[in-house]
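Just work37.txt here, compact mmCIF, C-alpha atoms:
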# COMPACT_ATOMS: atom_id res chain seq x y z
CA MET R 8 -167.92 60.97 100.30
CA ASN R 9 -168.12 57.89 98.14
CA PRO R 10 -171.61 56.51 97.50
CA LEU R 11 -171.08 53.35 99.55
CA ALA R 12 -169.94 55.36 102.56
CA TRP R 13 -173.03 57.55 102.19
CA LEU R 14 -175.29 54.52 102.02
CA GLU R 15 -173.59 52.98 105.03
CA ALA R 16 -173.73 56.14 107.13
CA ASP R 17 -177.33 55.35 108.05
CA MET R 18 -178.49 51.94 109.22
CA ALA R 19 -181.72 51.95 107.18
CA ARG R 20 -179.89 53.04 104.01
CA HIS R 21 -177.23 50.43 104.64
CA MET R 22 -179.64 47.50 105.09
CA LEU R 23 -182.61 48.54 103.01
CA VAL R 24 -181.02 50.38 100.09
CA GLU R 25 -177.46 49.10 99.73
CA PHE R 26 -178.24 45.41 100.33
CA PRO R 27 -181.09 45.19 97.77
CA LEU R 28 -179.06 47.21 95.25
CA VAL R 29 -176.10 44.85 95.53
CA ILE R 30 -178.36 41.80 95.29
CA ALA R 31 -180.03 43.30 92.21
CA LEU R 32 -176.62 43.99 90.73
CA GLY R 33 -175.71 40.33 91.21
CA ALA R 34 -178.95 39.25 89.54
CA LEU R 35 -178.27 41.63 86.66
CA LEU R 36 -174.81 40.13 86.23
CA ALA R 37 -176.38 36.68 86.06
CA ARG R 38 -178.74 37.91 83.37
CA VAL R 39 -175.88 38.93 81.08
CA ALA R 40 -173.52 36.11 82.06
CA PRO R 41 -172.94 33.28 79.56
CA SER R 42 -175.58 30.59 79.98
CA ARG R 43 -173.02 27.86 80.54
CA ILE R 44 -172.33 29.34 83.98
CA ASP R 45 -175.94 28.79 84.99
CA ALA R 46 -175.86 25.36 83.40
CA ALA R 47 -172.92 24.48 85.66
CA VAL R 48 -174.62 25.97 88.73
CA ALA R 49 -177.90 24.21 87.94
CA ARG R 50 -176.42 20.82 88.79
CA PHE R 51 -175.89 22.00 92.38
CA ASP R 52 -179.13 23.92 92.52
CA ARG R 53 -181.98 21.51 91.90
CA MET R 54 -185.31 23.26 92.34
CA GLY R 55 -183.38 26.42 93.18
CA LEU R 56 -182.80 25.09 96.70
CA THR R 57 -179.17 26.17 97.02
CA GLY R 58 -179.73 29.61 95.52
CA TRP R 59 -182.61 30.46 97.80
CA LEU R 60 -180.80 29.03 100.83
CA PHE R 61 -177.67 31.07 100.07
CA LEU R 62 -179.74 34.26 99.88
CA SER R 63 -181.51 33.44 103.16
CA LEU R 64 -178.26 32.75 104.97
CA ALA R 65 -176.54 35.87 103.61
CA ALA R 66 -179.53 38.05 104.54
CA ALA R 67 -179.71 36.52 108.03
CA TYR R 68 -176.00 36.96 108.65
CA TRP R 69 -175.91 40.62 107.65
CA MET R 70 -178.85 41.39 109.92
CA ILE R 71 -176.75 40.52 113.00
CA PRO R 72 -175.78 43.83 114.63
CA ALA R 73 -172.21 42.66 115.21
CA ALA R 74 -171.89 41.85 111.48
CA LEU R 75 -173.00 45.35 110.50
CA ASP R 76 -170.44 46.83 112.90
CA ALA R 77 -167.73 44.56 111.54
CA ALA R 78 -168.55 45.64 107.98
CA ILE R 79 -168.26 49.29 108.97
CA ALA R 80 -165.05 48.76 110.92
CA SER R 81 -163.17 46.69 108.35
CA ALA R 82 -162.83 47.16 104.60
CA THR R 83 -162.15 43.44 104.23
CA VAL R 84 -165.35 42.45 106.00
CA ASN R 85 -167.23 45.01 103.93
CA ALA R 86 -165.83 43.49 100.74
CA VAL R 87 -166.94 40.04 101.91
CA LYS R 88 -170.38 41.48 102.64
CA LEU R 89 -170.72 43.04 99.19
CA ALA R 90 -169.41 39.90 97.49
CA SER R 91 -171.74 37.59 99.42
CA LEU R 92 -174.79 39.72 98.64
CA ALA R 93 -173.88 40.07 94.96
CA LEU R 94 -173.32 36.31 94.78
CA ALA R 95 -176.69 35.75 96.46
CA GLY R 96 -178.32 37.88 93.75
CA PHE R 97 -176.40 36.03 91.06
CA PHE R 98 -177.56 32.63 92.32
CA LEU R 99 -181.09 33.86 92.94
CA HIS R 100 -181.49 34.74 89.26
CA GLY R 101 -180.90 31.14 88.26
CA ALA R 102 -182.71 29.68 91.25
CA MET R 103 -185.88 31.59 90.40
CA ARG R 104 -186.02 29.80 87.07
CA ARG R 105 -185.84 26.40 88.75
CA SER R 106 -187.76 26.79 91.98
CA PRO R 107 -191.29 25.43 92.29
CA MET R 108 -193.76 27.74 93.94
CA ALA R 109 -193.82 25.82 97.23
CA ILE R 110 -190.06 26.24 97.68
CA GLU R 111 -190.24 29.95 96.89
CA ALA R 112 -193.12 30.34 99.32
CA PHE R 113 -191.05 28.66 102.02
CA PHE R 114 -187.99 30.87 101.54
CA VAL R 115 -189.89 34.13 100.98
CA GLY R 116 -192.08 33.42 104.00
CA ASN R 117 -189.05 32.51 106.06
CA PHE R 118 -187.26 35.71 105.04
CA ALA R 119 -190.31 37.85 105.77
CA TRP R 120 -190.71 36.30 109.20
CA MET R 121 -187.02 36.80 109.97
CA ALA R 122 -186.83 40.39 108.69
CA ALA R 123 -189.99 41.39 110.55
CA THR R 124 -188.72 39.84 113.79
CA VAL R 125 -185.35 41.54 113.51
CA GLY R 126 -187.16 44.77 112.61
CA LEU R 127 -189.25 44.56 115.76
CA VAL R 128 -186.18 43.80 117.87
CA TYR R 129 -184.40 46.84 116.39
CA GLN R 130 -187.39 49.02 117.27
CA GLU R 131 -187.96 47.61 120.75
CA ALA R 132 -184.36 47.44 121.94
CA ASP R 133 -183.74 50.06 124.60
CA THR R 134 -180.02 50.02 123.93
CA GLN R 135 -178.00 50.86 120.88
CA LEU R 136 -177.31 47.48 119.24
CA CYS R 137 -174.71 48.63 116.72
CA LEU R 138 -171.79 50.70 117.90
CA SER R 139 -171.78 52.36 114.47
CA TYR R 140 -175.39 53.53 114.51
CA LEU R 141 -177.34 55.72 116.92
CA ALA R 142 -180.59 54.47 118.41
CA ASP R 143 -182.66 56.67 116.06
CA SER R 144 -181.01 55.16 113.01
CA GLN R 145 -181.65 51.71 114.48
CA LYS R 146 -185.35 52.41 114.98
CA GLY R 147 -185.61 53.66 111.39
CA ALA R 148 -183.97 50.48 110.12
CA GLY R 149 -186.32 48.43 112.31
CA ARG R 150 -189.42 50.08 110.84
CA GLY R 151 -187.97 49.69 107.34
CA LEU R 152 -187.29 45.99 107.86
CA VAL R 153 -190.91 45.35 108.83
CA ILE R 154 -192.08 47.24 105.75
CA VAL R 155 -189.67 45.33 103.53
CA ALA R 156 -190.84 42.03 105.04
CA ILE R 157 -194.46 42.79 104.20
CA ALA R 158 -193.58 44.20 100.79
CA CYS R 159 -191.60 41.06 99.89
CA LEU R 160 -194.52 38.82 100.81
CA VAL R 161 -197.03 40.90 98.86
CA ALA R 162 -194.76 41.34 95.84
CA TRP R 163 -193.92 37.65 95.71
CA TYR R 164 -197.57 36.65 95.95
CA ALA R 165 -198.62 39.13 93.29
CA LEU R 166 -195.85 38.33 90.84
CA ARG R 167 -195.06 34.70 91.46
CA GLY R 168 -197.86 33.34 93.61
CA PRO R 169 -200.64 31.02 92.41
CA ASN R 170 -202.29 33.72 90.33
CA GLY R 171 -199.11 35.61 89.56
CA ARG R 172 -197.90 36.32 86.09
CA ARG R 173 -194.54 34.64 86.76
CA ALA R 174 -193.05 38.03 86.07
CA GLY R 175 -189.56 38.34 84.83
CA PHE R 176 -188.33 34.81 85.00
CA PRO R 177 -189.72 31.72 83.38
CA ARG R 178 -189.89 29.05 86.06
CA LEU R 179 -187.75 26.59 84.13
CA ALA R 180 -184.43 27.08 82.47
CA PRO R 181 -184.50 26.70 78.67
CA GLU R 182 -182.14 23.77 78.99
CA GLY R 183 -184.10 22.52 81.97
CA THR R 184 -186.36 20.04 80.27
CA ARG R 185 -184.81 17.36 82.42
CA GLU R 186 -185.62 19.42 85.51
CA SER R 187 -189.20 19.78 84.43
CA ALA R 188 -189.42 16.08 83.85
CA ASP R 189 -188.07 15.49 87.35
CA LEU R 190 -190.58 17.83 88.83
CA ARG R 191 -193.49 16.15 87.20
CA ARG R 192 -192.39 12.76 88.32
CA MET U 24 -175.48 11.69 82.20
CA THR U 25 -173.18 9.98 84.68
CA PRO U 26 -174.44 6.93 86.54
CA GLU U 27 -174.38 8.55 89.99
CA ARG U 28 -176.43 11.43 88.68
CA ARG U 29 -179.05 9.08 87.46
CA SER U 30 -179.11 7.31 90.79
CA SER U 31 -179.35 10.51 92.82
CA PRO U 32 -179.78 13.75 90.92
CA PHE U 33 -180.09 15.68 94.16
CA LEU U 34 -176.69 14.62 95.52
CA PRO U 35 -174.72 17.67 94.25
CA THR U 36 -177.48 19.96 95.52
CA VAL U 37 -177.48 18.30 98.92
CA ALA U 38 -173.70 18.67 99.04
CA ALA U 39 -173.95 22.35 98.12
CA ILE U 40 -176.61 22.91 100.78
CA VAL U 41 -174.52 21.22 103.45
CA LEU U 42 -171.54 23.34 102.39
CA CYS U 43 -173.58 26.57 102.58
CA LEU U 44 -175.01 25.68 105.98
CA GLY U 45 -171.59 24.72 107.31
CA ALA U 46 -169.96 27.93 106.05
CA ALA U 47 -172.76 30.08 107.45
CA PHE U 48 -172.59 28.29 110.79
CA ALA U 49 -168.81 28.77 110.97
CA ALA U 50 -169.02 32.43 109.99
CA ALA U 51 -171.81 33.19 112.47
CA SER U 52 -170.08 31.27 115.24
CA HIS U 53 -166.85 33.17 114.62
CA LEU U 54 -168.66 36.52 114.59
CA THR U 55 -170.71 35.89 117.73
CA LEU U 56 -167.93 34.14 119.72
CA GLY U 57 -169.81 30.85 119.63
CA PHE U 58 -173.33 32.35 119.54
CA ARG U 59 -172.78 34.16 122.83
CA ALA U 60 -172.67 37.78 121.62
CA PHE U 61 -174.80 39.24 118.86
CA THR U 62 -173.69 42.83 119.32
CA SER U 63 -170.13 44.14 119.13
CA GLU U 64 -170.37 45.56 122.64
CA ASP U 65 -171.33 42.17 124.10
CA ALA U 66 -168.47 40.58 122.16
CA ARG U 67 -166.07 43.22 123.46
CA ARG U 68 -167.11 42.55 127.05
CA LEU U 69 -166.71 38.81 126.59
CA ARG U 70 -163.26 39.22 125.10
CA VAL U 71 -162.22 41.51 127.95
CA ALA U 72 -163.66 39.12 130.55
CA GLU U 73 -161.59 36.36 128.98
CA SER U 74 -158.43 38.52 129.22
CA LEU U 75 -157.97 38.57 125.48
CA VAL U 76 -157.49 42.31 125.08
CA THR U 77 -154.14 44.06 125.42
CA LEU U 78 -153.50 47.73 124.70
CA SER U 79 -150.22 48.70 123.08
CA PRO U 80 -147.84 51.03 124.90
CA LEU U 81 -148.90 54.56 124.25
CA ARG U 82 -147.41 58.04 124.55
CA VAL U 83 -149.87 60.71 125.57
CA VAL U 84 -149.57 64.44 126.20
CA ALA U 85 -150.96 65.46 129.58
CA SER U 86 -152.97 68.63 130.19
CA ASP U 87 -149.83 70.41 131.41
CA GLY U 88 -148.11 69.64 128.10
CA THR U 89 -145.76 66.93 129.40
CA PRO U 90 -145.51 63.62 127.59
CA ARG U 91 -146.37 60.47 129.56
CA ASP U 92 -145.92 56.84 128.63
CA LEU U 93 -148.74 54.44 129.31
CA TRP U 94 -149.12 51.95 130.79
CA SER U 95 -145.99 51.05 132.72
CA ALA U 96 -143.99 54.27 133.01
CA ASP U 97 -145.29 55.18 136.46
CA PRO U 98 -143.74 52.60 138.84
CA ALA U 99 -146.31 53.35 141.52
CA ALA U 100 -149.27 52.75 139.22
CA ARG U 101 -150.48 49.18 139.12
CA ALA U 102 -153.87 49.71 137.52
CA TRP U 103 -155.53 52.43 135.49
CA LEU U 104 -159.20 53.29 135.39
CA VAL U 105 -159.49 54.67 131.89
CA THR U 106 -162.33 56.49 130.20
CA PHE U 107 -162.42 57.97 126.75
CA VAL U 108 -163.65 61.54 126.53
CA TYR U 109 -163.79 64.67 124.46
CA THR U 110 -163.79 67.82 126.51
CA ARG U 111 -166.63 69.56 124.65
CA CYS U 112 -168.97 66.73 125.60
CA PRO U 113 -172.09 68.31 127.09
CA SER U 114 -173.95 65.71 129.15
CA ALA U 115 -172.72 62.15 129.56
CA CYS U 116 -169.10 63.15 130.00
CA LEU U 117 -170.04 65.67 132.70
CA ALA U 118 -171.63 62.89 134.70
CA LEU U 119 -168.53 60.84 134.06
CA GLY U 120 -166.30 63.71 135.18
CA SER U 121 -168.11 64.02 138.47
CA GLU U 122 -167.93 60.26 138.97
CA PHE U 123 -164.19 60.39 138.45
CA GLN U 124 -164.11 63.27 140.90
CA GLN U 125 -165.74 61.02 143.49
CA LEU U 126 -163.26 58.26 142.68
CA GLN U 127 -160.43 60.72 143.19
CA GLU U 128 -161.83 61.55 146.61
CA SER U 129 -161.94 57.83 147.44
CA LEU U 130 -158.31 57.50 146.38
CA ARG U 131 -157.35 60.37 148.69
CA ALA U 132 -159.12 58.91 151.70
CA ASN U 133 -157.28 57.08 154.46
CA GLY U 134 -156.80 53.42 153.69
CA ALA U 135 -157.37 54.03 150.01
CA PRO U 136 -155.96 51.40 147.68
CA ALA U 137 -152.47 52.35 146.55
CA GLY U 138 -151.42 52.44 142.95
CA VAL U 139 -154.78 52.97 141.28
CA ARG U 140 -154.68 55.83 138.80
CA LEU U 141 -157.40 57.54 136.81
CA ALA U 142 -157.00 58.47 133.16
CA SER U 143 -159.34 60.50 130.98
CA LEU U 144 -158.02 60.08 127.47
CA SER U 145 -159.35 62.29 124.72
CA PHE U 146 -160.04 60.93 121.25
CA ASP U 147 -160.67 64.39 119.81
CA ARG U 148 -157.13 65.42 118.92
CA ALA U 149 -158.29 68.20 116.64
CA ARG U 150 -160.01 70.17 119.37
CA ASP U 151 -158.55 68.92 122.63
CA THR U 152 -155.47 71.10 122.84
CA ASN U 153 -153.46 71.49 126.04
CA ASP U 154 -155.66 74.44 126.97
CA ALA U 155 -158.87 72.49 126.48
CA LEU U 156 -157.50 69.57 128.51
CA ALA U 157 -156.24 71.91 131.23
CA GLY U 158 -159.69 73.51 131.38
CA TYR U 159 -161.27 70.07 131.75
CA ALA U 160 -158.78 69.06 134.47
CA LYS U 161 -159.45 72.31 136.31
CA ARG U 162 -163.23 72.01 136.06
CA PHE U 163 -163.12 68.63 137.79
CA ARG U 164 -160.18 69.58 140.06
CA ALA U 165 -158.14 66.68 138.75
CA ASP U 166 -155.07 66.07 140.89
CA PRO U 167 -152.26 65.30 138.41
CA SER U 168 -150.69 62.75 140.76
CA ARG U 169 -153.85 60.62 140.67
CA TRP U 170 -155.82 61.66 137.62
CA LEU U 171 -154.24 61.98 134.21
CA VAL U 172 -156.11 64.07 131.65
CA ALA U 173 -154.35 63.56 128.35
CA VAL U 174 -154.54 63.03 124.62
CA PRO U 175 -152.50 60.52 122.57
CA GLU U 176 -149.58 62.16 120.83
CA ASP U 177 -150.73 61.46 117.28
CA ASP U 178 -153.75 60.38 115.25
CA VAL U 179 -152.31 56.92 114.59
CA SER U 180 -152.14 56.26 118.34
CA VAL U 181 -155.74 57.39 118.82
CA THR U 182 -156.97 55.08 116.07
CA ARG U 183 -154.94 52.15 117.39
CA LEU U 184 -156.00 52.73 120.98
CA LEU U 185 -159.70 52.88 120.10
CA ARG U 186 -159.44 49.84 117.84
CA GLU U 187 -157.61 47.77 120.45
CA ALA U 188 -160.06 48.78 123.17
CA GLY U 189 -163.03 48.13 120.88
CA VAL U 190 -164.33 51.67 121.26
CA VAL U 191 -166.28 53.08 118.31
CA VAL U 192 -166.72 56.84 118.13
CA ILE U 193 -169.43 58.17 115.83
CA ASP U 194 -170.90 61.56 115.03
CA ASP U 195 -173.96 62.09 117.23
CA GLY U 196 -175.62 64.34 114.66
CA ALA U 197 -175.56 67.30 117.04
CA GLY U 198 -171.97 68.43 116.67
CA GLY U 199 -170.63 65.96 119.21
CA TYR U 200 -169.71 62.31 119.42
CA ALA U 201 -171.39 59.16 120.65
CA HIS U 202 -169.34 56.20 121.80
CA ASN U 203 -169.56 53.04 123.87
CA ALA U 204 -168.50 54.58 127.15
CA ALA U 205 -167.28 52.51 130.06
CA ILE U 206 -164.66 52.50 132.76
CA HIS U 207 -161.79 50.41 131.42
CA VAL U 208 -159.57 48.71 133.98
CA VAL U 209 -156.06 48.44 132.51
CA THR U 210 -153.10 46.80 134.22
CA ARG U 211 -149.59 48.21 134.00
CA SER U 212 -148.79 45.64 131.35
CA GLY U 213 -151.54 47.15 129.22
CA ARG U 214 -153.97 44.31 129.68
CA LEU U 215 -157.57 45.46 129.58
CA VAL U 216 -159.02 43.24 132.30
CA ALA U 217 -162.48 44.61 133.02
CA LEU U 218 -165.15 46.99 131.84
CA PHE U 219 -167.63 48.67 134.14
CA ASP U 220 -170.60 50.83 133.26
CA LEU U 221 -170.04 54.40 134.35
CA ASP U 222 -172.45 54.22 137.27
CA ARG U 223 -170.52 51.25 138.69
CA HIS U 224 -167.37 53.27 139.36
CA ARG U 225 -167.11 52.06 142.96
CA GLU U 226 -167.02 48.46 141.81
CA ALA U 227 -164.43 49.41 139.20
CA LEU U 228 -162.24 50.87 141.95
CA ALA U 229 -162.71 47.84 144.19
CA PHE U 230 -161.81 45.58 141.30
CA ALA U 231 -158.70 47.59 140.43
CA ALA U 232 -157.65 47.58 144.08
CA SER U 233 -157.94 43.80 144.17
CA LEU U 234 -155.51 43.30 141.30
CA PRO U 235 -152.05 41.99 142.22
CA PRO U 236 -149.40 44.73 142.37
The structure in this file should be written as structure tokens.
Amino acid sequence: MNPLAWLEADMARHMLVEFPLVIALGALLARVAPSRIDAAVARFDRMGLTGWLFLSLAAAYWMIPAALDAAIASATVNAVKLASLALAGFFLHGAMRRSPMAIEAFFVGNFAWMAATVGLVYQEADTQLCLSYLADSQKGAGRGLVIVAIACLVAWYALRGPNGRRAGFPRLAPEGTRESADLRR
Amino acid sequence: MTPERRSSPFLPTVAAIVLCLGAAFAAASHLTLGFRAFTSEDARRLRVAESLVTLSPLRVVASDGTPRDLWSADPAARAWLVTFVYTRCPSACLALGSEFQQLQESLRANGAPAGVRLASLSFDRARDTNDALAGYAKRFRADPSRWLVAVPEDDVSVTRLLREAGVVVIDDGAGGYAHNAAIHVVTRSGRLVALFDLDRHREALAFAASLPP
């Protein structure tokens, strides 16, 4: 069995292991990509707004039960899923260097709220929401989503919140002096 | 720096945001049939209710080993009540079998609607041999003139049939299968016109009987 099929055989592994891995892979790609790509993206991503929005939308879409089923049923849809998540990670890498804390707080908080809500729905639903996953698998994914929601909030606050160490990514791009000037204005 | 950038440095970002929102809205609307169905089963039922689902002609092998062509080969059949089964199924399918048995009794009764046929189609080609199907037919006393117990003739047909009907069969983790079971009302032109939960078999029969010949 190929590793993707193994990951996708369980709903929690699919959503909570495969998705973050693919997003991380996208971010890693952005890290090694030539800086002129980010410079081109930056023009469309003031304050990281577009990058964070893209991630939020991709995450929301792939939490819809029908979308998970479609990804399992069709190799094309699955490819779109993987590409959209990798792209979200790619954009996030640049966005995190541009986004002010308030914008990050908005998107992280929004994601946590959404993931926790969906997680509760997955746990509470008395029917099987995905045709591709049994109710047990769905409950496991639901619990995992709530945990991930809380973990994201805590991790963001610790690493990038008001007292955070701004881990990993400087808030402004090296070539972003103009951005910083804009922000201060 | 171009003049328009100086005048509005956020313009490209706003454009990108609008594009992202528009694309996400379109994709979600497409997936959920206009935000009406967030699960595949709801979407399947909507599509069926809107008469958008047609099943391709299909050759099956009946429990007595004879080939049969669905859906139009039997001139007296105007509607099929179809369920998907595998004969080793321990619980749910037994309930289903007895419900079909009751339906068969209704079809035998005086004044019963003419032309309604029952079909239990297996998706487990590997295990549901003629003997297994014959055993299933015997267990539920299926009358071959009213109740067809059969398996599609090849794996390609099984896959196509399940895909067209929107049925997803998964491993239930206990040696069997789980699937979105329902009574499928299929016309002789292969149109899948209604889905009924298994416990609503009487309504399924009444609906099938109300279809034009």
Which of U:Asp97, U:Glu226, U:Asp147, U:Glu64 sits closest to chain R [using all atoms listed in the file]: U:Glu64
Residues within 10 Å of (-172.8, 57.0, 139.1), counting all atoms listed in the file, listed as number ranges by chain: U: 118-119, 121-123, 125, 220-225
Test item: chain R residues at most 8 Å from chain U, counting only C-alpha atoms, as a PyMOL selection string: chain R and resi 50-53+56-57+60-61+64-65+68+71-74+76-77+136-141
Atom-to-atom span, atom CA of U:Leu144 and atom CA of U:Pro235, Å: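 Here the two named atoms are 24.1 Å from each other.
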Let me have the centre and edge lengths of the axis-aligned box enclosing all listed atoms of stretch 55-64 of chain R with 4 Å padding on every side, in Å to one decimal, as JSON.
{"center_x": -180.5, "center_y": 29.7, "center_z": 99.1, "size_x": 13.7, "size_y": 17.2, "size_z": 19.8}
Contacts of U:Ser95 at 9 Å (only C-alpha atoms; same-chain gap of 4+ positions) as a PyMOL selection string: chain U and resi 80+100-101+210-213
Residues just named, written with C-alpha atoms as a compact mmCIF listing (two decimals), in the frame of the given file:
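Below is the file part33.txt, written as the result:
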# COMPACT_ATOMS: atom_id res chain seq x y z
CA PRO U 80 -147.84 51.03 124.90
CA ALA U 100 -149.27 52.75 139.22
CA ARG U 101 -150.48 49.18 139.12
CA THR U 210 -153.10 46.80 134.22
CA ARG U 211 -149.59 48.21 134.00
CA SER U 212 -148.79 45.64 131.35
CA GLY U 213 -151.54 47.15 129.22
Close residues, R:Ala40 itself excluded, 12 Å, all atoms listed in the file, min 5 positions apart in chain, as a list in words: Gly33, Ala34, Leu35, Asp45, Ala46, Phe97, Phe98, His100 and Gly101 of chain R
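Counting from atom CA of R:Met22, the distance to atom CA of R:Met70 is 7.8 Å.
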Gap from atom CA of R:Leu99 to atom CA of R:Gly126 - Å, one decimal: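 Computed distance, atom CA of R:Leu99 to atom CA of R:Gly126, equals 23.3 Å.
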Show which residues sit within 8 Å of U:Val108, as a PDB file with C-alpha atoms, in the frame of the given file. Count all atoms listed in the file, and ignore same-chain residues fewer than 2 positions away.
ATOM      1  CA  THR U 106    -162.330  56.490 130.200  1.00  0.00           C
ATOM      2  CA  THR U 110    -163.790  67.820 126.510  1.00  0.00           C
ATOM      3  CA  CYS U 112    -168.970  66.730 125.600  1.00  0.00           C
ATOM      4  CA  CYS U 116    -169.100  63.150 130.000  1.00  0.00           C
ATOM      5  CA  SER U 143    -159.340  60.500 130.980  1.00  0.00           C
ATOM      6  CA  LEU U 144    -158.020  60.080 127.470  1.00  0.00           C
ATOM      7  CA  SER U 145    -159.350  62.290 124.720  1.00  0.00           C
ATOM      8  CA  PHE U 146    -160.040  60.930 121.250  1.00  0.00           C
ATOM      9  CA  ASP U 147    -160.670  64.390 119.810  1.00  0.00           C
TER      10      ASP U 147
END
Residues within 9 Å of stretch 112-115 of chain R, only C-alpha atoms, excluding chain neighbours under 4 positions, as a ChimeraX atom specification: /R:59-60,63,107-108,119-120,156,159-160,163-164,168
Non-local contacts of U:Leu81 (7 Å; only C-alpha atoms; under 4 positions in same chain excluded) as a ChimeraX atom specification: /U:92-93,180
Proximity to U:Leu69 - best of U:Trp103, U:His207, U:Leu56, U:Glu128, only C-alpha atoms: U:Leu56
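Here the question is which of U:Gln124, U:Ala173, U:Ala102, U:Arg214 gets nearest to U:Ser233 using all atoms listed in the file, and that residue is U:Ala102.
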Of the listed residues U:Val181, U:Arg82, U:Arg164, U:Leu75, that which approaches U:Phe107 most closely, counting all atoms listed in the file: U:Val181
